[in-house]
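*Asks:* Dropping in model_1.txt, with compact mmCIF, C-alpha atoms.
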```txt
# COMPACT_ATOMS: atom_id res chain seq x y z
CA MET A 11 -22.23 -2.71 26.35
CA THR A 12 -21.27 -4.52 29.55
CA ASP A 13 -19.11 -6.97 27.51
CA TRP A 14 -17.33 -4.19 25.61
CA ARG A 15 -13.60 -3.96 26.34
CA PRO A 16 -12.66 -0.41 25.25
CA ARG A 17 -9.05 0.15 24.23
CA LEU A 18 -7.13 3.21 23.10
CA ARG A 19 -5.62 3.00 19.65
CA GLU A 20 -2.02 1.82 19.81
CA SER A 21 -0.85 4.82 17.79
CA VAL A 22 -2.19 7.25 20.41
CA ILE A 23 0.03 8.65 23.16
CA VAL A 24 -1.67 10.47 26.04
CA GLN A 25 0.02 13.21 28.05
CA THR A 26 -1.31 15.41 30.83
CA GLU A 27 -0.77 19.10 31.38
CA GLY A 28 -2.59 20.43 34.43
CA ASP A 29 -6.31 20.05 33.82
CA GLU A 30 -5.83 19.08 30.17
CA LEU A 31 -5.16 15.86 28.30
CA LEU A 32 -3.20 15.80 25.05
CA PHE A 33 -3.80 12.88 22.72
CA LEU A 34 -0.83 12.63 20.34
CA CYS A 35 -2.04 10.74 17.27
CA THR A 36 1.22 9.50 15.80
CA ALA A 37 -0.50 7.89 12.80
CA ASP A 38 -1.63 11.18 11.26
CA ARG A 39 0.49 13.67 13.23
CA THR A 40 -2.43 15.41 14.94
CA VAL A 41 -2.80 16.51 18.54
CA LYS A 42 -6.18 16.63 20.27
CA ARG A 43 -6.48 18.61 23.48
CA PHE A 44 -9.24 18.10 26.05
CA ALA A 45 -10.17 19.57 29.39
CA ALA A 46 -10.32 16.67 31.84
CA ASP A 47 -10.77 16.09 35.55
CA ALA A 48 -9.34 13.33 37.74
CA PHE A 49 -12.22 10.99 36.85
CA VAL A 50 -11.48 11.19 33.12
CA LYS A 51 -7.74 10.74 33.65
CA ARG A 52 -8.42 7.63 35.70
CA VAL A 53 -10.64 6.25 32.94
CA ILE A 54 -7.95 6.82 30.30
CA THR A 55 -5.42 4.70 32.22
CA LEU A 56 -7.86 1.76 32.21
CA LEU A 57 -8.55 1.67 28.46
CA ASP A 58 -6.16 -1.14 27.55
CA GLY A 59 -8.68 -3.71 26.32
CA THR A 60 -8.32 -6.02 29.32
CA ARG A 61 -11.37 -4.70 31.20
CA THR A 62 -15.03 -4.72 30.30
CA TYR A 63 -17.15 -1.61 30.46
CA ALA A 64 -18.68 -2.87 33.69
CA GLU A 65 -15.28 -3.52 35.24
CA ILE A 66 -14.06 -0.02 34.37
CA GLU A 67 -17.24 1.48 35.79
CA ARG A 68 -16.70 -0.37 39.07
CA SER A 69 -13.05 0.75 39.20
CA VAL A 70 -13.80 4.45 38.78
CA GLY A 71 -17.12 4.49 40.65
CA GLY A 72 -20.49 5.43 39.26
CA SER A 73 -20.51 9.08 40.31
CA GLN A 74 -19.92 10.32 36.75
CA PRO A 75 -21.22 8.99 33.40
CA LEU A 76 -18.54 6.74 31.91
CA GLY A 77 -20.57 6.32 28.73
CA GLU A 78 -20.29 10.00 27.80
CA VAL A 79 -16.50 9.92 28.10
CA LEU A 80 -16.24 6.82 25.89
CA GLN A 81 -18.68 8.29 23.38
CA ILE A 82 -16.48 11.37 22.94
CA LEU A 83 -13.36 9.22 22.56
CA THR A 84 -15.17 7.09 19.97
CA GLU A 85 -16.32 10.12 17.99
CA GLU A 86 -12.76 11.45 17.95
CA ARG A 87 -11.46 8.07 16.68
CA LEU A 88 -9.25 7.64 19.72
CA LEU A 89 -10.59 4.20 20.62
CA SER A 90 -9.80 1.06 18.67
CA ARG A 91 -12.59 -0.83 16.99
CA VAL A 92 -11.12 -4.05 18.44
CA GLY A 93 -10.78 -4.42 22.20
CA ASN A 94 -8.77 -7.64 22.49
CA LEU A 95 -6.15 -7.02 19.83
CA GLU A 96 -3.96 -10.07 20.35
CA GLY A 97 -7.07 -12.19 20.70
CA SER A 98 -8.24 -11.07 17.26
CA PHE A 99 -4.94 -12.25 15.77
CA ALA A 100 -5.78 -15.83 16.80
CA ARG A 101 -8.18 -16.02 13.85
CA LEU A 102 -5.11 -16.47 11.62
CA GLY A 103 -3.61 -19.30 13.70
CA ASP A 104 -0.58 -19.08 15.97
CA ASP A 105 2.10 -19.24 13.26
CA ARG A 106 0.57 -16.58 11.02
CA ALA A 107 -0.36 -14.39 13.98
CA GLN A 108 3.26 -14.33 15.16
CA PHE A 109 4.61 -13.82 11.64
CA TYR A 110 2.33 -10.86 10.84
CA ASP A 111 2.13 -9.39 14.37
CA ARG A 112 3.57 -5.93 13.64
CA GLN A 113 1.78 -5.67 10.31
CA LEU A 114 -1.55 -6.55 11.92
CA ARG A 115 -1.11 -3.71 14.40
CA LEU A 116 -0.62 -1.25 11.54
CA LEU A 117 -3.61 -2.62 9.63
CA GLN A 118 -5.73 -2.33 12.76
CA ASP A 119 -4.85 1.32 13.05
CA PHE A 120 -5.95 1.88 9.45
CA CYS A 121 -9.31 0.41 10.46
CA ASP A 122 -9.43 2.60 13.57
CA GLN A 123 -8.74 5.70 11.46
CA GLY A 124 -11.68 4.86 9.22
CA LEU A 125 -9.52 4.34 6.12
CA THR A 126 -11.31 1.09 5.29
CA ASP A 127 -14.78 -0.39 5.45
CA LEU A 128 -13.54 -3.18 7.75
CA SER A 129 -13.30 -3.00 11.53
CA SER A 130 -10.45 -5.47 12.05
CA GLY A 131 -6.87 -5.51 10.81
CA VAL A 132 -7.09 -9.29 10.67
CA LEU A 133 -9.86 -8.99 8.07
CA LEU A 134 -7.63 -6.66 6.05
CA GLN A 135 -4.82 -9.21 6.25
CA GLU A 136 -7.19 -11.90 5.03
CA ARG A 137 -8.01 -9.72 2.01
CA VAL A 138 -4.32 -9.61 1.22
CA ASP A 139 -3.97 -13.36 1.86
CA ARG A 140 -6.68 -14.11 -0.70
CA SER A 141 -5.26 -11.83 -3.39
CA THR A 142 -3.15 -12.51 -6.48
CA ALA A 143 -0.45 -10.12 -7.70
CA VAL A 144 1.51 -10.25 -10.94
CA VAL A 145 5.01 -8.77 -11.11
CA CYS A 146 6.19 -8.28 -14.68
CA GLY A 147 9.98 -8.28 -14.54
CA VAL A 148 11.95 -9.29 -11.45
CA GLY A 149 15.07 -7.17 -11.88
CA GLY A 150 16.14 -4.02 -10.08
CA LEU A 151 12.59 -2.78 -9.62
CA GLY A 152 10.36 -5.86 -9.76
CA GLY A 153 12.52 -7.80 -7.34
CA TRP A 154 11.95 -5.24 -4.59
CA VAL A 155 8.23 -5.16 -5.40
CA ALA A 156 7.94 -8.94 -5.25
CA LEU A 157 9.86 -9.21 -1.97
CA SER A 158 7.69 -6.59 -0.27
CA LEU A 159 4.51 -8.26 -1.53
CA ALA A 160 5.69 -11.63 -0.26
CA ASN A 161 6.61 -10.23 3.15
CA ALA A 162 3.15 -8.63 3.36
CA GLY A 163 1.51 -11.99 2.75
CA VAL A 164 0.02 -11.57 -0.72
CA GLY A 165 -1.46 -15.03 -1.22
CA THR A 166 -0.32 -15.74 -4.77
CA ILE A 167 2.52 -13.95 -6.55
CA ARG A 168 3.13 -14.56 -10.25
CA LEU A 169 6.58 -13.69 -11.54
CA CYS A 170 7.36 -13.15 -15.23
CA ASP A 171 10.82 -12.64 -16.73
CA PHE A 172 12.96 -14.24 -19.43
CA ASP A 173 16.41 -13.16 -18.25
CA ARG A 174 19.16 -14.89 -16.29
CA VAL A 175 21.05 -13.52 -13.31
CA GLU A 176 24.23 -11.60 -14.19
CA PRO A 177 27.00 -10.30 -11.89
CA SER A 178 26.02 -6.68 -12.59
CA ASN A 179 22.54 -7.39 -11.23
CA LEU A 180 23.69 -8.16 -7.71
CA THR A 181 24.27 -4.62 -6.42
CA ARG A 182 20.64 -3.58 -6.90
CA GLN A 183 18.45 -6.66 -7.41
CA ALA A 184 17.34 -7.77 -3.97
CA LEU A 185 16.36 -11.36 -4.73
CA PHE A 186 19.69 -12.65 -6.02
CA CYS A 187 23.10 -13.60 -4.64
CA VAL A 188 26.41 -14.67 -6.18
CA ALA A 189 25.37 -18.32 -6.25
CA ASP A 190 22.41 -17.43 -8.51
CA VAL A 191 24.52 -16.08 -11.38
CA GLY A 192 23.49 -17.86 -14.57
CA ALA A 193 20.17 -19.11 -13.15
CA PRO A 194 16.79 -18.08 -14.60
CA LYS A 195 15.67 -15.01 -12.70
CA VAL A 196 12.15 -16.25 -12.05
CA GLU A 197 13.40 -19.48 -10.48
CA ALA A 198 15.99 -17.81 -8.26
CA ALA A 199 13.46 -15.14 -7.28
CA ALA A 200 10.79 -17.71 -6.44
CA ALA A 201 13.16 -19.61 -4.17
CA ARG A 202 14.00 -16.41 -2.30
CA LEU A 203 10.34 -15.45 -1.86
CA ARG A 204 9.34 -18.89 -0.62
CA ALA A 205 12.14 -18.76 1.92
CA ALA A 206 11.07 -15.28 3.02
CA ASN A 207 7.45 -16.21 3.65
CA PRO A 208 6.26 -19.83 3.77
CA PHE A 209 2.62 -18.71 3.70
CA VAL A 210 2.63 -17.44 0.11
CA THR A 211 2.37 -19.26 -3.21
CA VAL A 212 4.80 -18.23 -5.94
CA GLU A 213 4.20 -19.07 -9.61
CA THR A 214 6.86 -18.58 -12.29
CA PHE A 215 6.60 -17.72 -15.97
CA ASP A 216 9.96 -17.87 -17.75
CA ARG A 217 8.81 -15.92 -20.78
CA ARG A 218 9.76 -13.07 -23.08
CA VAL A 219 6.77 -10.78 -23.54
CA THR A 220 6.27 -9.14 -26.95
CA SER A 221 2.55 -8.35 -26.92
CA ALA A 222 -0.53 -8.21 -24.73
CA ALA A 223 -1.42 -11.73 -25.79
CA ASP A 224 1.68 -13.04 -23.99
CA LEU A 225 0.22 -11.77 -20.70
CA ALA A 226 -3.32 -13.12 -20.98
CA ASP A 227 -2.83 -16.15 -18.72
CA LEU A 228 -0.76 -14.18 -16.18
CA VAL A 229 -3.35 -11.49 -15.55
CA ASP A 230 -6.32 -13.85 -15.60
CA GLY A 231 -7.84 -13.72 -12.12
CA ALA A 232 -5.22 -11.25 -10.82
CA ASP A 233 -6.08 -8.45 -8.40
CA ILE A 234 -3.12 -6.19 -9.26
CA VAL A 235 -0.43 -6.17 -11.96
CA VAL A 236 2.81 -4.22 -11.49
CA ASN A 237 4.76 -3.58 -14.68
CA ALA A 238 8.52 -3.57 -14.14
CA PHE A 239 9.44 -4.62 -17.69
CA ASP A 240 11.75 -2.24 -19.55
CA LEU A 241 12.42 -4.03 -22.86
CA PRO A 242 12.05 -3.04 -25.61
CA THR A 243 10.92 0.23 -23.96
CA PRO A 244 8.91 1.03 -20.83
CA ASN A 245 6.20 2.64 -22.97
CA ASP A 246 5.82 -0.48 -25.14
CA THR A 247 5.57 -2.80 -22.16
CA ALA A 248 3.15 -0.49 -20.34
CA THR A 249 0.93 -0.51 -23.42
CA TRP A 250 0.95 -4.32 -23.53
CA VAL A 251 0.20 -4.64 -19.83
CA SER A 252 -2.59 -2.08 -20.09
CA GLU A 253 -4.19 -3.92 -23.00
CA ALA A 254 -3.93 -7.26 -21.21
CA CYS A 255 -5.46 -5.92 -17.99
CA TRP A 256 -8.26 -3.83 -19.46
CA PRO A 257 -11.07 -3.61 -18.37
CA ASP A 258 -11.00 -5.73 -15.21
CA VAL A 259 -7.59 -5.76 -13.53
CA PRO A 260 -5.97 -2.80 -11.69
CA HIS A 261 -2.41 -2.16 -12.86
CA ILE A 262 0.56 0.07 -12.06
CA LEU A 263 2.34 1.41 -15.14
CA GLY A 264 5.23 3.59 -16.25
CA SER A 265 7.55 2.91 -13.32
CA GLY A 266 11.33 2.86 -13.57
CA TYR A 267 14.55 4.50 -12.42
CA ALA A 268 17.78 5.90 -13.78
CA TYR A 269 20.48 8.07 -12.23
CA HIS A 270 18.74 10.27 -9.63
CA ILE A 271 15.15 10.07 -10.92
CA GLY A 272 12.71 7.35 -9.96
CA VAL A 273 9.48 7.10 -11.93
CA LEU A 274 6.54 5.94 -9.84
CA GLY A 275 4.18 6.21 -12.81
CA THR A 276 0.46 5.80 -12.27
CA THR A 277 -2.07 3.34 -10.88
CA VAL A 278 -4.92 2.52 -13.24
CA LEU A 279 -8.20 1.50 -11.64
CA PRO A 280 -10.40 0.53 -14.61
CA GLY A 281 -13.59 2.54 -14.68
CA GLU A 282 -12.42 4.89 -11.94
CA SER A 283 -9.12 6.57 -12.84
CA ALA A 284 -7.34 7.76 -15.94
CA CYS A 285 -6.06 4.89 -18.07
CA TRP A 286 -2.74 4.44 -19.85
CA THR A 287 -4.21 5.97 -23.02
CA CYS A 288 -5.07 9.10 -21.02
CA VAL A 289 -1.54 9.23 -19.62
CA ARG A 290 0.06 8.97 -23.06
CA ALA A 291 -2.25 11.63 -24.48
CA GLU A 292 -1.40 13.97 -21.60
CA THR A 293 2.37 13.49 -21.69
CA PHE A 294 3.28 12.55 -25.27
CA ALA A 295 3.63 16.14 -26.46
CA ASP A 296 5.76 17.29 -23.50
CA HIS A 297 8.66 19.47 -24.72
CA GLY A 298 7.45 18.95 -28.29
CA ARG A 299 8.73 15.39 -28.32
CA GLY A 300 5.79 14.20 -30.38
CA ARG A 301 7.24 15.83 -33.49
CA MET A 302 10.89 14.94 -32.88
CA GLU A 303 13.14 12.14 -34.14
CA SER A 304 15.81 10.45 -32.02
CA LEU A 305 19.41 11.40 -32.72
CA VAL A 306 20.99 9.63 -29.76
CA GLY A 307 18.75 7.04 -28.12
CA LYS A 308 18.51 5.73 -24.58
CA ARG A 309 21.60 3.89 -23.44
CA GLN A 310 21.36 0.14 -22.99
CA LYS A 311 22.64 0.44 -19.41
CA ALA A 312 21.76 3.28 -17.05
CA GLY A 313 23.38 4.30 -13.78
CA ALA A 314 21.67 2.83 -10.72
CA ILE A 315 22.25 1.87 -7.11
CA GLY A 316 20.38 -0.60 -4.96
CA ALA A 317 19.12 1.86 -2.36
CA LEU A 318 17.41 3.98 -5.02
CA CYS A 319 15.94 0.99 -6.85
CA GLY A 320 14.64 -0.24 -3.52
CA LEU A 321 13.05 3.12 -2.74
CA VAL A 322 11.00 3.07 -5.94
CA GLY A 323 10.20 -0.62 -5.65
CA THR A 324 8.94 -0.44 -2.09
CA ILE A 325 6.77 2.60 -2.86
CA LEU A 326 5.18 0.66 -5.72
CA ALA A 327 4.71 -2.37 -3.48
CA TRP A 328 3.01 -0.20 -0.86
CA GLU A 329 0.69 1.14 -3.56
CA ALA A 330 -0.11 -2.41 -4.68
CA ILE A 331 -0.82 -3.50 -1.10
CA ARG A 332 -3.23 -0.58 -0.69
CA VAL A 333 -5.15 -1.67 -3.77
CA LEU A 334 -5.24 -5.30 -2.62
CA ALA A 335 -6.43 -4.38 0.87
CA GLY A 336 -9.10 -2.02 -0.44
CA LEU A 337 -7.34 1.04 0.97
CA PRO A 338 -7.36 4.30 -1.02
CA PRO A 339 -4.50 4.29 -3.58
CA ALA A 340 -2.09 7.22 -3.78
CA LEU A 341 -0.88 7.12 -7.40
CA SER A 342 -4.13 6.90 -9.38
CA GLY A 343 -5.20 9.90 -11.44
CA ARG A 344 -1.71 11.34 -11.50
CA TRP A 345 1.80 10.84 -12.85
CA SER A 346 4.48 10.81 -10.15
CA GLU A 347 8.27 10.87 -10.04
CA VAL A 348 10.71 11.04 -7.15
CA ASP A 349 13.89 13.09 -7.34
CA PHE A 350 16.39 11.23 -5.18
CA TRP A 351 18.69 14.20 -4.68
CA PRO A 352 16.35 16.46 -2.67
CA LEU A 353 14.11 13.46 -1.88
CA GLU A 354 11.00 15.09 -3.30
CA ILE A 355 8.04 13.50 -5.05
CA HIS A 356 6.59 15.51 -7.93
CA SER A 357 3.15 14.70 -9.31
CA ARG A 358 0.98 16.07 -12.08
CA PRO A 359 -2.75 15.32 -12.34
CA ILE A 360 -3.89 13.05 -15.15
CA PRO A 361 -7.66 13.40 -15.60
CA ARG A 362 -9.85 10.92 -17.38
CA ARG A 363 -10.49 12.21 -20.88
CA PRO A 364 -14.16 12.15 -21.92
CA ASP A 365 -13.12 11.30 -25.50
CA CYS A 366 -10.58 8.63 -24.52
CA PRO A 367 -11.05 5.59 -26.79
CA THR A 368 -10.21 3.29 -23.88
CA CYS A 369 -11.93 4.67 -20.79
CA GLY A 370 -14.04 7.56 -22.08
CA GLU A 371 -17.22 5.49 -21.88
CA ARG A 372 -18.00 3.24 -18.95
CA ARG A 373 -17.38 -0.25 -20.25
CA GLY A 374 -17.58 -2.24 -17.03
CA GLY A 375 -14.65 -3.40 -14.98
CA GLU A 376 -15.44 -1.06 -12.08
CA ARG A 377 -14.35 -2.33 -8.72
CA ASP A 378 -16.11 -1.96 -5.40
CA ARG A 379 -14.00 0.39 -3.37
CA PRO A 380 -14.43 1.44 0.22
CA PRO A 381 -15.35 5.05 0.94
CA GLY A 382 -12.65 7.53 1.85
CA GLU A 383 -9.90 9.53 0.25
CA SER A 384 -6.12 9.50 0.49
CA LYS A 385 -5.05 11.76 3.33
CA GLU A 386 -2.17 14.10 2.74
CA SER A 387 0.42 14.25 5.49
CA LYS A 388 -0.35 17.04 7.93
CA GLU A 389 1.59 19.19 10.27
CA PRO A 390 0.72 18.72 13.93
CA ASN A 391 -2.38 20.68 14.88
CA GLU A 392 -4.40 21.04 18.00
CA LYS A 393 -8.08 20.59 18.58
CA ALA A 394 -9.65 21.64 21.86
CA ARG A 395 -12.77 20.02 23.23
CA GLU A 396 -14.41 19.65 26.61
CA ILE A 397 -14.36 16.02 27.70
CA THR A 398 -15.66 16.56 31.21
CA PRO A 399 -19.23 15.22 31.54
```
For this file, write the structure as structure tokens.
*Replies:*
Amino acid sequence: MTDWRPRLRESVIVQTEGDELLFLCTADRTVKRFAADAFVKRVITLLDGTRTYAEIERSVGGSQPLGEVLQILTEERLLSRVGNLEGSFARLGDDRAQFYDRQLRLLQDFCDQGLTDLSSGVLLQERVDRSTAVVCGVGGLGGWVALSLANAGVGTIRLCDFDRVEPSNLTRQALFCVADVGAPKVEAAAARLRAANPFVTVETFDRRVTSAADLADLVDGADIVVNAFDLPTPNDTATWVSEACWPDVPHILGSGYAYHIGVLGTTVLPGESACWTCVRAETFADHGRGRMESLVGKRQKAGAIGALCGLVGTILAWEAIRVLAGLPPALSGRWSEVDFWPLEIHSRPIPRRPDCPTCGERRGGERDRPPGESKESKEPNEKAREITP
């Protein structure tokens, strides 16, 4: 213990009010209130990771038990699991440590909250570094997904598209500029991603997909697949991606956008969550559509704006990063859409169906996942506890 360098979590702000300390946990919007004397307040000011336990004990004197104070702070998840934060970054090398500095601090706080089985944000980053993501379609949605994954440091990103850049793409497709008009989308996108992050590998597949077989080599060895294809229809492409990924590769399906609705879809974790077959069975009969015929079909071009495409794309990228890092996903077991006008996300549960021909019986493909559940956002609350030894 004498070599331990205790440090408060970076997301924790400490304020004093008379004989009480308020710990404002900005990460989860909670407030923890403690009774504290001058000894405890002095200890709190020294918990910056630069001093060992023995050094803190000498600074505050040995009249009161320092260990009891630190034990309470540890139990309340107010101390970081890494004392020398910047020192831990050195594991990545100077260039990577500087590049990912702010991201590493966030990942460390996830570890400190107990959202992952790992103790260090650097180890989480290394999980992401070693991962492979496939982005199917690099247009208005997939481009934002790919850019966010590259910035996060996903080690290998595979891009698949058959289209070329058009002038009408430029207002909403983040990876392209005027000079790219006429170029294959996958090549222009790859150049942009490599320029954004030199530490990632980008592979391109200039290919029109018409069946699951066309995706076999793309998904082989992948850790996540995000479907952003929309031709011939989003349902067709989701079915192909699902078939290609099953039963080993996690995949995000059903996403899209048009006008003021963004479809986040669902995350399929094979062997754990509802699959695409479950989703279709749950939603196909909505509004009696299963017995209807089309009179006027979906328009070839739908209204869109870059900010709204980016909102959906970055949410999907965040979901993919959570899966890659082993953090609890937010979109599995449900179908989610975001209404841009009131800025509200609406979700409906999609349970696994016992009689589902795809996932009803356990057929392997389960992934080792860390313990823990997604935490809903909470209003600030207070918790009182005596911290005085």
*Asks:* Name the residues in contact with Ala226 (chain A) at a cut-off of 9 Å, using all atoms listed in the file, excluding same-chain residues fewer than 3 positions from it; report them as a count of residues only.
*Replies:* 6
*Asks:* Which residues are close to Pro352 (chain A), i.e. within 12 Å by only C-alpha atoms, leaving aside same-chain residues fewer than 4 positions away? Reply as a VMD selection string.
*Replies:* chain A and resid 270 to 271 348 356
*Asks:* Taking only residues of region 244-285 of chain A that have an atom at most 10 Å from an atom of region 326-334 of chain A, what is each one's shortest atom pair and its distance in Å to one decimal, using only C-alpha atoms, in chain and number order, as a tab-separated table?
*Replies:*
```
residue	atom	partner	partner_atom	distance
A:Pro260	CA	A:Val333	CA	8.0
A:His261	CA	A:Ala330	CA	8.5
A:Ile262	CA	A:Ala330	CA	7.8
A:Leu263	CA	A:Leu326	CA	9.9
A:Ser265	CA	A:Leu326	CA	8.3
A:Val273	CA	A:Leu326	CA	9.9
A:Leu274	CA	A:Leu326	CA	6.8
A:Gly275	CA	A:Leu326	CA	9.1
A:Thr276	CA	A:Leu326	CA	9.6
A:Thr277	CA	A:Glu329	CA	8.1
A:Leu279	CA	A:Val333	CA	9.0
```
*Asks:* Do you have the CA of Ala284 (chain A)-CA of Arg358 (chain A) distance handy?
*Replies:*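 Value for the CA of Ala284 (chain A)-CA of Arg358 (chain A) distance: 12.4 Å.
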*Asks:* Tell me, as a PyMOL selection string, which residues lie within 12 Å of region 198-208 of chain A, counting only C-alpha atoms; anything in the same chain fewer than 3 positions away does not count.
*Replies:* chain A and resi 105-106+109-110+139+145+147-150+152-171+173-176+183-195+211-216
*Asks:* Any idea what the distance is between CA of Gln118 (chain A) and CA of Phe49 (chain A)?
*Replies:* 28.3 Å
*Asks:* Ranking A:Ala314, A:Glu30, A:Arg91, A:Gln123 by minimum distance to Leu180 (chain A) and counting all atoms listed in the file, which one comes first?
*Replies:*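 Answer, going by the shortest atom-to-atom distance: A:Ala314.
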*Asks:* Using all atoms listed in the file, which of the listed residues (A:Thr142, A:Thr60, A:Pro339, A:Glu292) sits closest to Thr126 (chain A)?
*Replies:*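 Of A:Thr142, A:Thr60, A:Pro339, A:Glu292, the one nearest Thr126 (chain A) is A:Pro339, counting all atoms listed in the file.
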*Asks:* Can you tell me how far CA of Glu347 (chain A) sits from CA of Arg112 (chain A), in Å to one decimal?
*Replies:*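 Pair CA of Glu347 (chain A) / CA of Arg112 (chain A) returns 29.4 Å.
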*Asks:* Nearest to Val210 (chain A) among A:Leu128, A:Leu133, A:Ala64, A:Ala143, with distances taken over all atoms listed in the file: which residue is it?
*Replies:* A:Ala143
*Asks:* How big is the axis-aligned box around the listed atoms of region 84-102 of chain A once 8 Å is added on each side, and where is its centre? Give both in Å to one decimal, as JSON.
*Replies:*
```
{"center_x": -10.1, "center_y": -2.5, "center_z": 17.1, "size_x": 28.4, "size_y": 43.9, "size_z": 26.9}
```
*Asks:* Using all atoms listed in the file, which residues sit within 9 Å of Trp256 (chain A) once same-chain residues fewer than 4 positions away are excluded, as a list in words?
*Replies:*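 Listing them by chain and then by number gives Val251, Ser252, Pro260, His261, Pro280, Thr368 and Gly375 of chain A.
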*Asks:* From (-9.5, -12.1, 14.5), in the file's coordinates, out to 10 Å: which residues are reached, counting all atoms listed in the file? Answer as a ChimeraX atom specification.
*Replies:* /A:92,94-103,107,130-133,135-136
*Asks:* Find the residue from A:Gly264, A:Gly316, A:Pro16, A:Gly323 that sits nearest to Gln81 (chain A); use all atoms listed in the file when measuring.
*Replies:*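 Looking at the shortest contact to Gln81 (chain A), the residue is A:Pro16.
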*Asks:* Taking all atoms listed in the file into account, which of A:Pro177, A:Gly231, A:Pro361, A:Gly93 comes nearest Arg61 (chain A)?
*Replies:*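 Using all atoms listed in the file, the shortest distance to Arg61 (chain A) belongs to A:Gly93.
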*Asks:* Ranking A:Cys288, A:Leu89, A:Ala268, A:Ala37 by minimum distance to Trp14 (chain A) and counting all atoms listed in the file, which one comes first?
*Replies:*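 The closest residue to Trp14 (chain A) is A:Leu89.
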*Asks:* Please, could N, CA and C atoms be added to region 324-337 of chain A and the result written as a PDB file, keeping the file's coordinate frame?
*Replies:*
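To be explicit, this is the file written out as selection-v8.pdb:
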```
ATOM      1  N   THR A 324       9.761  -0.302  -3.290  1.00  0.00           N
ATOM      2  CA  THR A 324       8.940  -0.440  -2.090  1.00  0.00           C
ATOM      3  C   THR A 324       7.763   0.527  -2.099  1.00  0.00           C
ATOM      4  N   ILE A 325       7.918   1.696  -2.708  1.00  0.00           N
ATOM      5  CA  ILE A 325       6.770   2.600  -2.860  1.00  0.00           C
ATOM      6  C   ILE A 325       5.708   1.943  -3.738  1.00  0.00           C
ATOM      7  N   LEU A 326       6.138   1.326  -4.837  1.00  0.00           N
ATOM      8  CA  LEU A 326       5.180   0.660  -5.720  1.00  0.00           C
ATOM      9  C   LEU A 326       4.523  -0.528  -5.015  1.00  0.00           C
ATOM     10  N   ALA A 327       5.291  -1.258  -4.222  1.00  0.00           N
ATOM     11  CA  ALA A 327       4.710  -2.370  -3.480  1.00  0.00           C
ATOM     12  C   ALA A 327       3.671  -1.884  -2.481  1.00  0.00           C
ATOM     13  N   TRP A 328       3.967  -0.779  -1.803  1.00  0.00           N
ATOM     14  CA  TRP A 328       3.010  -0.200  -0.860  1.00  0.00           C
ATOM     15  C   TRP A 328       1.735   0.205  -1.585  1.00  0.00           C
ATOM     16  N   GLU A 329       1.862   0.775  -2.774  1.00  0.00           N
ATOM     17  CA  GLU A 329       0.690   1.140  -3.560  1.00  0.00           C
ATOM     18  C   GLU A 329      -0.117  -0.110  -3.928  1.00  0.00           C
ATOM     19  N   ALA A 330       0.579  -1.166  -4.329  1.00  0.00           N
ATOM     20  CA  ALA A 330      -0.110  -2.410  -4.680  1.00  0.00           C
ATOM     21  C   ALA A 330      -0.831  -3.005  -3.482  1.00  0.00           C
ATOM     22  N   ILE A 331      -0.204  -2.970  -2.312  1.00  0.00           N
ATOM     23  CA  ILE A 331      -0.820  -3.500  -1.100  1.00  0.00           C
ATOM     24  C   ILE A 331      -2.088  -2.706  -0.768  1.00  0.00           C
ATOM     25  N   ARG A 332      -2.048  -1.407  -0.939  1.00  0.00           N
ATOM     26  CA  ARG A 332      -3.230  -0.580  -0.690  1.00  0.00           C
ATOM     27  C   ARG A 332      -4.384  -1.003  -1.587  1.00  0.00           C
ATOM     28  N   VAL A 333      -4.100  -1.238  -2.851  1.00  0.00           N
ATOM     29  CA  VAL A 333      -5.150  -1.670  -3.770  1.00  0.00           C
ATOM     30  C   VAL A 333      -5.699  -3.033  -3.338  1.00  0.00           C
ATOM     31  N   LEU A 334      -4.807  -3.953  -2.991  1.00  0.00           N
ATOM     32  CA  LEU A 334      -5.240  -5.300  -2.620  1.00  0.00           C
ATOM     33  C   LEU A 334      -6.062  -5.302  -1.338  1.00  0.00           C
ATOM     34  N   ALA A 335      -5.718  -4.425  -0.411  1.00  0.00           N
ATOM     35  CA  ALA A 335      -6.430  -4.380   0.870  1.00  0.00           C
ATOM     36  C   ALA A 335      -7.702  -3.548   0.794  1.00  0.00           C
ATOM     37  N   GLY A 336      -7.937  -2.878  -0.336  1.00  0.00           N
ATOM     38  CA  GLY A 336      -9.100  -2.020  -0.440  1.00  0.00           C
ATOM     39  C   GLY A 336      -8.907  -0.668   0.202  1.00  0.00           C
ATOM     40  N   LEU A 337      -7.645  -0.280   0.431  1.00  0.00           N
ATOM     41  CA  LEU A 337      -7.340   1.040   0.970  1.00  0.00           C
ATOM     42  C   LEU A 337      -7.212   2.039  -0.180  1.00  0.00           C
TER      43      LEU A 337
END
```
